[in-house]
>>> print(open('entry18.cif').read())   # mmCIF, C-alpha atoms
data_run
loop_
_atom_site.label_atom_id
_atom_site.label_comp_id
_atom_site.auth_asym_id
_atom_site.auth_seq_id
_atom_site.Cartn_x
_atom_site.Cartn_y
_atom_site.Cartn_z
CA MET A 783 112.02 101.23 89.63
CA GLU A 784 111.43 103.05 92.91
CA ALA A 785 110.34 106.67 92.89
CA ALA A 786 111.40 108.64 95.93
CA LEU A 787 110.79 112.03 97.43
CA PRO A 788 113.84 114.27 97.53
CA ARG A 789 115.15 114.47 101.08
CA ARG A 790 115.95 117.77 102.66
CA GLY A 791 116.14 116.72 106.29
CA ASP A 792 115.80 120.15 107.87
CA GLY A 793 113.33 118.89 110.46
CA VAL A 794 111.42 122.18 110.67
CA THR A 795 108.10 121.12 109.13
CA LYS A 796 105.90 120.05 112.04
CA THR A 797 102.35 120.81 110.87
CA CYS A 798 100.33 120.60 107.69
CA SER A 799 97.22 122.29 106.35
CA LEU A 800 93.82 120.83 105.52
CA GLY A 801 94.71 121.00 101.83
CA GLU A 802 97.85 118.96 102.42
CA MET A 803 95.85 116.43 104.45
CA MET A 804 93.31 116.11 101.62
CA ILE A 805 96.02 115.79 98.96
CA THR A 806 97.56 112.94 100.93
CA ALA A 807 94.20 111.22 101.50
CA LEU A 808 93.43 111.46 97.77
CA SER A 809 96.85 110.07 96.88
CA ARG A 810 96.26 107.00 99.06
CA THR A 811 93.30 105.98 96.90
CA ILE A 812 95.70 105.35 93.98
CA GLU A 813 97.05 101.82 93.51
CA ASP A 814 100.46 101.15 92.04
CA GLY A 815 100.57 99.91 88.46
CA THR A 816 97.30 101.56 87.35
CA LEU A 817 96.56 104.18 84.72
CA VAL A 818 95.09 107.24 86.46
CA PHE A 819 93.44 110.32 84.95
CA HIS A 820 92.41 113.48 86.78
CA GLY A 821 90.53 115.59 84.27
CA PHE A 822 90.33 119.38 84.51
CA GLY A 823 90.20 121.75 87.37
CA SER A 824 91.51 120.42 90.68
CA PRO A 825 95.00 121.28 91.92
CA LEU A 826 94.36 119.03 94.94
CA VAL A 827 93.98 116.02 92.65
CA GLN A 828 96.93 116.98 90.46
CA LEU A 829 99.17 117.18 93.51
CA ALA A 830 97.76 113.92 94.88
CA MET A 831 98.72 112.08 91.71
CA HIS A 832 102.28 113.41 91.79
CA VAL A 833 102.55 112.48 95.49
CA ALA A 834 101.38 108.92 94.74
CA LYS A 835 103.84 108.63 91.86
CA ARG A 836 106.74 109.59 94.13
CA THR A 837 105.75 107.48 97.13
CA HIS A 838 103.70 104.27 97.13
CA ALA A 839 102.78 104.05 93.41
CA PRO A 840 105.95 104.56 91.33
CA ARG A 841 104.60 102.33 88.53
CA MET A 842 101.29 104.15 88.11
CA VAL A 843 100.71 105.76 84.70
CA LEU A 844 99.84 109.41 85.33
CA VAL A 845 97.75 111.01 82.58
CA ALA A 846 97.71 114.80 82.91
CA GLY A 847 94.27 116.37 82.71
CA ALA A 848 94.32 118.95 79.92
CA THR A 849 97.43 117.95 77.98
CA TYR A 850 97.00 114.16 78.25
CA GLY A 851 100.75 113.97 78.84
CA ILE A 852 102.03 110.62 80.14
CA ASP A 853 104.05 110.72 83.37
CA PRO A 854 105.01 114.41 83.22
CA ASP A 855 107.43 115.90 85.73
CA PRO A 856 106.46 119.59 85.90
CA PRO A 857 108.75 122.01 87.75
CA PHE A 858 105.77 123.63 89.48
CA LEU A 859 101.98 123.55 89.54
CA ALA A 860 100.49 126.08 87.13
CA PRO A 861 97.38 128.11 88.02
CA THR A 862 95.45 126.23 85.35
CA THR A 863 95.56 122.60 84.19
CA ASN A 864 95.50 123.87 80.60
CA ASP A 865 99.13 125.03 80.78
CA TRP A 866 101.83 123.19 78.87
CA VAL A 867 104.27 123.47 81.76
CA MET A 868 102.19 120.66 83.28
CA ASP A 869 103.33 118.49 80.34
CA ARG A 870 107.03 119.08 81.01
CA GLY A 871 109.04 115.86 81.04
CA ALA A 872 106.17 113.70 79.72
CA SER A 873 107.26 110.54 77.91
CA SER A 874 104.46 111.00 75.34
CA ALA A 875 100.93 112.37 75.03
CA LEU A 876 97.55 110.89 74.16
CA GLY A 877 94.92 112.26 71.84
CA ILE A 878 91.50 112.65 73.41
CA GLU A 879 90.16 109.82 71.25
CA GLU A 880 92.92 107.53 72.55
CA LEU A 881 92.03 108.44 76.13
CA PHE A 882 88.41 107.43 75.64
CA ASP A 883 89.47 104.27 73.82
CA LEU A 884 91.71 103.29 76.75
CA ALA A 885 88.79 103.70 79.15
CA ALA A 886 86.38 101.81 76.88
CA ALA A 887 88.91 98.98 76.64
CA GLY A 888 89.04 98.71 80.44
CA ARG A 889 92.56 100.09 80.81
CA MET A 890 91.77 103.21 82.89
CA GLY A 891 92.29 102.11 86.49
CA ARG A 892 91.08 105.23 88.28
CA MET A 893 89.56 108.62 87.57
CA PHE A 894 88.83 111.54 89.90
CA LEU A 895 85.45 113.29 89.70
CA SER A 896 83.44 115.81 91.69
CA GLY A 897 80.15 117.68 91.46
CA LEU A 898 78.04 120.51 92.81
CA GLN A 899 75.78 117.71 94.06
CA ILE A 900 76.93 114.24 95.14
CA ASP A 901 74.28 111.83 96.37
CA ARG A 902 74.39 108.75 98.62
CA TRP A 903 75.06 106.46 95.63
CA GLY A 904 78.01 108.52 94.38
CA ASN A 905 76.14 110.11 91.48
CA CYS A 906 77.56 113.56 90.63
CA ASN A 907 75.86 116.58 89.09
CA VAL A 908 77.81 119.24 87.20
CA THR A 909 75.07 119.94 84.62
CA SER A 910 72.17 121.86 86.18
CA LEU A 911 70.47 122.76 89.45
CA GLY A 912 66.73 122.71 89.87
CA PHE A 913 64.25 119.99 88.95
CA PRO A 914 61.87 120.03 87.21
CA GLU A 915 62.40 123.80 86.84
CA LEU A 916 65.92 124.83 85.85
CA LYS A 917 67.46 127.28 88.35
CA MET A 918 71.11 127.27 87.35
CA LYS A 919 73.02 125.94 84.34
CA LEU A 920 76.39 124.44 85.30
CA PRO A 921 79.50 123.93 83.12
CA GLY A 922 78.75 120.30 82.29
CA GLY A 923 80.73 117.12 82.63
CA GLY A 924 82.73 116.97 79.41
CA GLY A 925 83.50 113.29 79.03
CA GLY A 926 82.79 112.47 82.66
CA CYS A 927 79.55 110.66 81.83
CA ASN A 928 81.29 108.15 79.55
CA LEU A 929 84.42 107.82 81.66
CA SER A 930 82.48 107.33 84.91
CA CYS A 931 80.94 104.25 83.28
CA ASP A 932 84.22 102.87 81.92
CA ALA A 933 86.95 103.66 84.49
CA ALA A 934 87.59 100.72 86.80
CA HIS A 935 87.33 102.84 89.94
CA LEU A 936 86.36 106.41 90.80
CA THR A 937 87.60 108.66 93.58
CA LEU A 938 85.23 111.54 94.34
CA TRP A 939 86.17 114.67 96.23
CA THR A 940 84.78 118.00 97.39
CA THR A 941 86.01 120.81 99.61
CA ALA A 942 82.46 122.08 100.20
CA HIS A 943 80.89 119.33 102.30
CA ARG A 944 80.08 121.82 105.06
CA ALA A 945 76.67 123.26 104.15
CA LEU A 946 76.92 126.94 105.01
CA GLU A 947 73.90 129.23 105.25
CA ASP A 948 73.39 131.82 102.52
CA ALA A 949 72.19 135.40 103.10
CA LYS A 950 68.62 134.14 103.46
CA GLY A 951 69.53 131.45 105.97
CA ARG A 952 69.19 128.61 103.46
CA ARG A 953 71.62 125.69 103.25
CA ARG A 954 72.53 123.93 100.02
CA PHE A 955 73.96 120.49 100.66
CA ARG A 956 76.86 119.42 98.47
CA LEU A 957 76.24 115.88 99.69
CA ALA A 958 72.63 116.00 98.62
CA ASP A 959 69.67 113.70 99.19
CA ASP A 960 69.18 113.55 95.44
CA CYS A 961 70.98 114.92 92.36
CA ASP A 962 68.81 117.22 90.23
CA PHE A 963 70.64 115.79 87.21
CA ILE A 964 73.06 112.87 87.04
CA THR A 965 76.13 113.79 85.02
CA ASN A 966 78.51 111.11 86.29
CA LEU A 967 77.10 107.73 87.24
CA GLY A 968 77.41 106.28 90.73
CA HIS A 969 76.04 102.96 91.96
CA ARG A 970 72.30 103.52 91.40
CA THR A 971 70.28 105.61 88.94
CA LYS A 972 67.48 108.03 89.81
CA ASP A 973 64.89 105.36 89.02
CA GLY A 974 66.61 102.82 91.27
CA LYS A 975 68.44 100.72 88.68
CA LEU A 976 71.70 99.24 89.96
CA ARG A 977 74.90 100.09 88.16
CA ARG A 978 75.95 96.46 88.08
CA ASP A 979 72.76 95.58 86.15
CA LEU A 980 73.41 98.15 83.39
CA GLY A 981 76.37 96.35 81.85
CA HIS A 982 78.96 99.09 82.32
CA ARG A 983 82.60 98.11 82.52
CA GLY A 984 83.58 100.26 85.52
CA ASN A 985 82.94 99.49 89.18
CA GLY A 986 81.86 103.00 90.15
CA PRO A 987 82.85 105.24 93.07
CA GLN A 988 85.14 103.65 95.63
CA TRP A 989 86.17 106.63 97.77
CA LEU A 990 85.00 110.14 98.59
CA VAL A 991 87.34 112.63 100.24
CA THR A 992 85.85 115.81 101.75
CA GLU A 993 87.02 118.45 104.19
CA LEU A 994 85.02 116.67 106.91
CA GLY A 995 85.91 113.03 106.36
CA LEU A 996 86.75 110.03 104.23
CA PHE A 997 83.96 107.83 102.85
CA ASP A 998 83.77 104.54 101.02
CA PHE A 999 80.77 102.76 99.50
CA ASP A 1000 79.36 99.55 100.97
CA ASP A 1001 78.21 96.42 99.13
CA ASP A 1002 74.86 98.11 98.38
CA GLY A 1003 76.69 101.05 96.79
CA HIS A 1004 75.63 103.38 99.63
CA MET A 1005 78.03 106.03 100.93
CA ARG A 1006 79.61 105.12 104.28
CA LEU A 1007 81.66 107.25 106.65
CA ASN A 1008 85.02 105.56 107.05
CA ALA A 1009 87.32 108.08 108.78
CA LEU A 1010 87.43 111.58 110.27
CA TYR A 1011 90.06 114.28 110.59
CA PRO A 1012 91.50 114.86 114.06
CA ASP A 1013 89.31 117.98 114.38
CA THR A 1014 86.00 116.67 112.95
CA SER A 1015 83.30 114.44 114.41
CA VAL A 1016 80.47 112.18 113.31
CA GLU A 1017 78.09 114.96 114.36
CA ASP A 1018 79.85 117.40 111.99
CA VAL A 1019 79.31 114.97 109.13
CA LEU A 1020 75.65 114.25 109.94
CA MET A 1021 74.77 117.94 110.35
CA ASN A 1022 76.25 118.83 106.96
CA THR A 1023 74.97 115.94 104.87
CA GLY A 1024 71.59 116.03 103.12
CA PHE A 1025 70.99 112.33 103.83
CA LYS A 1026 72.06 109.92 106.53
CA PRO A 1027 75.33 108.24 105.54
CA ARG A 1028 76.01 104.79 106.84
CA LEU A 1029 78.77 104.44 109.42
CA ALA A 1030 81.66 102.00 109.34
CA SER A 1031 81.83 99.64 112.31
CA GLN A 1032 85.03 101.39 113.37
CA ILE A 1033 85.58 104.97 112.26
CA GLU A 1034 89.27 105.76 112.03
CA ILE A 1035 91.23 109.01 112.16
CA ILE A 1036 92.78 110.03 108.83
CA PRO A 1037 96.56 109.77 109.29
CA PRO A 1038 98.60 112.87 108.50
CA PRO A 1039 101.22 112.95 105.74
CA GLU A 1040 104.88 112.40 106.47
CA ARG A 1041 107.06 115.49 106.64
CA LEU A 1042 108.79 114.73 103.32
CA VAL A 1043 105.41 114.54 101.59
CA VAL A 1044 104.40 117.94 102.95
CA GLU A 1045 107.70 119.45 101.84
CA PHE A 1046 107.31 117.93 98.37
CA ILE A 1047 103.79 119.42 98.03
CA ARG A 1048 105.11 122.84 98.99
CA ARG A 1049 107.97 122.65 96.50
CA LEU A 1050 105.70 121.55 93.66
CA ASP A 1051 103.10 124.20 94.51
CA PRO A 1052 105.11 127.33 95.42
CA LEU A 1053 102.25 129.53 94.14
CA ARG A 1054 99.85 127.76 96.56
CA VAL A 1055 97.44 127.14 93.74
CA HIS A 1056 95.67 124.39 95.68
CA GLU A 1057 94.64 126.86 98.40
CA LYS A 1058 92.14 128.42 95.96
CA GLU A 1059 90.16 125.20 96.29
CA ILE A 1060 89.96 125.51 100.10
CA ARG A 1061 87.38 127.68 101.84
CA ALA A 1062 88.75 130.59 103.88
CA GLU A 1063 87.43 129.20 107.16
CA ASP A 1064 89.26 125.92 106.54
CA MET A 1065 92.61 127.60 105.84
CA ARG A 1066 93.18 127.95 109.59
CA ARG A 1067 93.01 124.22 110.25
CA ARG A 1068 96.41 122.70 111.12
CA PHE A 1069 97.47 119.15 111.91
CA THR A 1070 100.57 117.68 113.50
CA ILE A 1071 102.49 115.58 111.00
CA ALA A 1072 104.52 112.41 111.37
#
>>> encode(input="entry18.cif", output="structure tokens")
Amino acid sequence: MEAALPRRGDGVTKTCSLGEMMITALSRTIEDGTLVFHGFGSPLVQLAMHVAKRTHAPRMVLVAGATYGIDPDPPFLAPTTNDWVMDRGASSALGIEELFDLAAAGRMGRMFLSGLQIDRWGNCNVTSLGFPELKMKLPGGGGGCNLSCDAAHLTLWTTAHRALEDAKGRRRFRLADDCDFITNLGHRTKDGKLRRDLGHRGNGPQWLVTELGLFDFDDDGHMRLNALYPDTSVEDVLMNTGFKPRLASQIEIIPPPERLVVEFIRRLDPLRVHEKEIRAEDMRRRFTIA
């Protein structure tokens, strides 16, 4: 079975947005033939999964985030993942217990996760800020703690890598030197224990996609800059990261999506829901497409 993007062939789409670049980069982290789950909250990730399903990964099993629908074919992206239109066309649906059982049995190939803090080892914090004194309570990770240990591979993402100054001139790094609390496990714990020595089934974070670049994780489990956008630089990354990421021996440029992919994204997201995830200053960024 080969999934294909519908062809329109008008030839007028010549540029794409940052959001469309990130959606495409996220989609490329998905392998064909794997079961993939995106959880709640991110329209970028939802769109990335549908792009992958219709391009290079037609045999992936797409598990919708809030409905747990299997391989849905929604007519459009809803403003919230907890909308049953996102389950339209699904072949079946899982119960939440079945989802966790699949992961515990080693059958979840990839999951997408993020955090208000992401450290050099790929640990994510969506629980609380401030240590040892609590400064802010966050929504929490739901089942992310368990699933981050069981899913075969993790793709992380954030659209807030750039550490902007607040009204008092302070900068809070999303890519932080240390997580105040570890909600979702990366490659090394706060006390230095290696993930591979803890006996967990999953292999941990494999990729991180941000608005400044694409990262992987080296053999030590340390975050490594792998590629940049056409309009970002190594200096941009270093200035906006709370630690020093390692650098790949050859840093590539993230390739843009093909025109048909951009047109598919725009048809599936006519309400431009994914733009709510992009900062205003990044909305002006445009890239020439293939």
>>> resolve_selection(input="entry18.cif", expression="the PyMOL selection byres ((chain A and resi 995) around 6)", output="PyMOL selection string")
chain A and resi 992-994+996+1009-1010
>>> closest_atom_pairs(input="entry18.cif", of="range 908-1011 of chain A", to="range 802-817 of chain A", cutoff="9 Å", atoms="all atoms listed in the file", output="tab-separated table")
residue	atom	partner	partner_atom	distance
A:Thr937	CA	A:Thr811	CA	7.1
A:Leu938	CA	A:Leu808	CA	8.9
A:Trp939	CA	A:Leu808	CA	8.1
A:Thr941	CA	A:Met804	CA	8.9
A:Gln988	CA	A:Thr811	CA	8.6
A:Trp989	CA	A:Thr811	CA	7.2
A:Leu990	CA	A:Leu808	CA	8.6
A:Val991	CA	A:Leu808	CA	6.7
A:Thr992	CA	A:Met804	CA	7.5
A:Glu993	CA	A:Met804	CA	7.2
A:Leu996	CA	A:Ala807	CA	8.0
A:Tyr1011	CA	A:Met803	CA	8.7
>>> resolve_selection(input="entry18.cif", expression="the PyMOL selection byres ((chain A and resi 977) around 12)", output="ChimeraX atom specification")
/A:903-905,930-932,966-976,978-987,1002-1004
>>> atom_distance(input="entry18.cif", atom1="CA of Phe955 in chain A", atom2="CA of Phe1069 in chain A")
26.1 Å
>>> residues_around(input="entry18.cif", residues="range 1056-1065 of chain A", least_positions_apart="2", cutoff="10 Å", atoms="only C-alpha atoms", output="tab-separated table (two decimals) with C-alpha atoms, in the frame of the given file")
chain	number	residue	atom	x	y	z
A	799	SER	CA	97.22	122.29	106.35
A	800	LEU	CA	93.82	120.83	105.52
A	801	GLY	CA	94.71	121.00	101.83
A	802	GLU	CA	97.85	118.96	102.42
A	805	ILE	CA	96.02	115.79	98.96
A	823	GLY	CA	90.20	121.75	87.37
A	824	SER	CA	91.51	120.42	90.68
A	825	PRO	CA	95.00	121.28	91.92
A	826	LEU	CA	94.36	119.03	94.94
A	827	VAL	CA	93.98	116.02	92.65
A	828	GLN	CA	96.93	116.98	90.46
A	829	LEU	CA	99.17	117.18	93.51
A	859	LEU	CA	101.98	123.55	89.54
A	860	ALA	CA	100.49	126.08	87.13
A	861	PRO	CA	97.38	128.11	88.02
A	940	THR	CA	84.78	118.00	97.39
A	941	THR	CA	86.01	120.81	99.61
A	942	ALA	CA	82.46	122.08	100.20
A	944	ARG	CA	80.08	121.82	105.06
A	993	GLU	CA	87.02	118.45	104.19
A	1047	ILE	CA	103.79	119.42	98.03
A	1051	ASP	CA	103.10	124.20	94.51
A	1052	PRO	CA	105.11	127.33	95.42
A	1053	LEU	CA	102.25	129.53	94.14
A	1054	ARG	CA	99.85	127.76	96.56
A	1067	ARG	CA	93.01	124.22	110.25
A	1068	ARG	CA	96.41	122.70	111.12
>>> closest_residue(input="entry18.cif", among="A:Leu1007, A:Thr909, A:Asn1022, A:Ile964", to="Ile1036 in chain A", atoms="all atoms listed in the file")
A:Leu1007
>>> atom_distance(input="entry18.cif", atom1="CA of Ser896 in chain A", atom2="CA of Ser873 in chain A")
28.0 Å
>>> residues_around(input="entry18.cif", residues="range 838-843 of chain A", least_positions_apart="2", cutoff="10 Å", atoms="all atoms listed in the file", output="list in words")
Met783, Glu784, Ala785, Ala786, Ser809, Arg810, Ile812, Glu813, Asp814, Gly815, Thr816, Leu817, Val818, Phe819, Met831, His832, Val833, Ala834, Lys835, Arg836, Val845, Ala846, Ile852, Asp853, Pro854, Met890 and Gly891 of chain A
>>> atom_distance(input="entry18.cif", atom1="CA of Ser1015 in chain A", atom2="CA of Ile1033 in chain A")
10.0 Å
>>> resolve_selection(input="entry18.cif", expression="the PyMOL selection byres ((chain A and resi 870-872) around 9)", output="ChimeraX atom specification")
/A:851-857,866-869,873-875
>>> residues_around(input="entry18.cif", residues="range 918-925 of chain A", least_positions_apart="4", cutoff="10 Å", atoms="all atoms listed in the file", output="list in words")
Gly821, Phe822, Ile878, Phe882, Leu895, Ser896, Gly897, Leu898, Cys906, Asn907, Val908, Thr909, Ser910, Leu911, Gly912, Leu929, Ser930, Ile964, Thr965 and Asn966 of chain A
>>> write_last_selection(input="entry18.cif", atoms="C-alpha atoms", output="PDB file, keeping the file's coordinate frame")
ATOM      1  CA  GLY A 821      90.530 115.590  84.270  1.00  0.00           C
ATOM      2  CA  PHE A 822      90.330 119.380  84.510  1.00  0.00           C
ATOM      3  CA  ILE A 878      91.500 112.650  73.410  1.00  0.00           C
ATOM      4  CA  PHE A 882      88.410 107.430  75.640  1.00  0.00           C
ATOM      5  CA  LEU A 895      85.450 113.290  89.700  1.00  0.00           C
ATOM      6  CA  SER A 896      83.440 115.810  91.690  1.00  0.00           C
ATOM      7  CA  GLY A 897      80.150 117.680  91.460  1.00  0.00           C
ATOM      8  CA  LEU A 898      78.040 120.510  92.810  1.00  0.00           C
ATOM      9  CA  CYS A 906      77.560 113.560  90.630  1.00  0.00           C
ATOM     10  CA  ASN A 907      75.860 116.580  89.090  1.00  0.00           C
ATOM     11  CA  VAL A 908      77.810 119.240  87.200  1.00  0.00           C
ATOM     12  CA  THR A 909      75.070 119.940  84.620  1.00  0.00           C
ATOM     13  CA  SER A 910      72.170 121.860  86.180  1.00  0.00           C
ATOM     14  CA  LEU A 911      70.470 122.760  89.450  1.00  0.00           C
ATOM     15  CA  GLY A 912      66.730 122.710  89.870  1.00  0.00           C
ATOM     16  CA  LEU A 929      84.420 107.820  81.660  1.00  0.00           C
ATOM     17  CA  SER A 930      82.480 107.330  84.910  1.00  0.00           C
ATOM     18  CA  ILE A 964      73.060 112.870  87.040  1.00  0.00           C
ATOM     19  CA  THR A 965      76.130 113.790  85.020  1.00  0.00           C
ATOM     20  CA  ASN A 966      78.510 111.110  86.290  1.00  0.00           C
TER      21      ASN A 966
END
>>> residues_around(input="entry18.cif", residues="Pro1027 in chain A", least_positions_apart="3", cutoff="8 Å", atoms="all atoms listed in the file", output="list in words")
Arg902, His1004, Met1005, Arg1006, Leu1007, Leu1020 and Thr1023 of chain A
>>> residues_around(input="entry18.cif", residues="Ala958 in chain A", least_positions_apart="2", cutoff="7 Å", atoms="all atoms listed in the file", output="list in words")
Gln899, Ile900, Asp901, Phe955, Arg956, Asp960, Cys961, Thr1023, Gly1024 and Phe1025 of chain A
>>> closest_residue(input="entry18.cif", among="A:Asp1018, A:Ala887, A:Phe894, A:Phe913", to="Ala830 in chain A", atoms="only C-alpha atoms")
A:Phe894
>>> axis_aligned_box(input="entry18.cif", around="range 1058-1066 of chain A", padding_each_side="5 Å", output="AutoDock Vina command-line options")
--center_x 90.3 --center_y 127.9 --center_z 102.8 --size_x 15.8 --size_y 15.4 --size_z 23.6
>>> closest_residue(input="entry18.cif", among="A:Val1016, A:Thr863, A:Thr849, A:Leu946", to="Val1055 in chain A", atoms="all atoms listed in the file")
A:Thr863
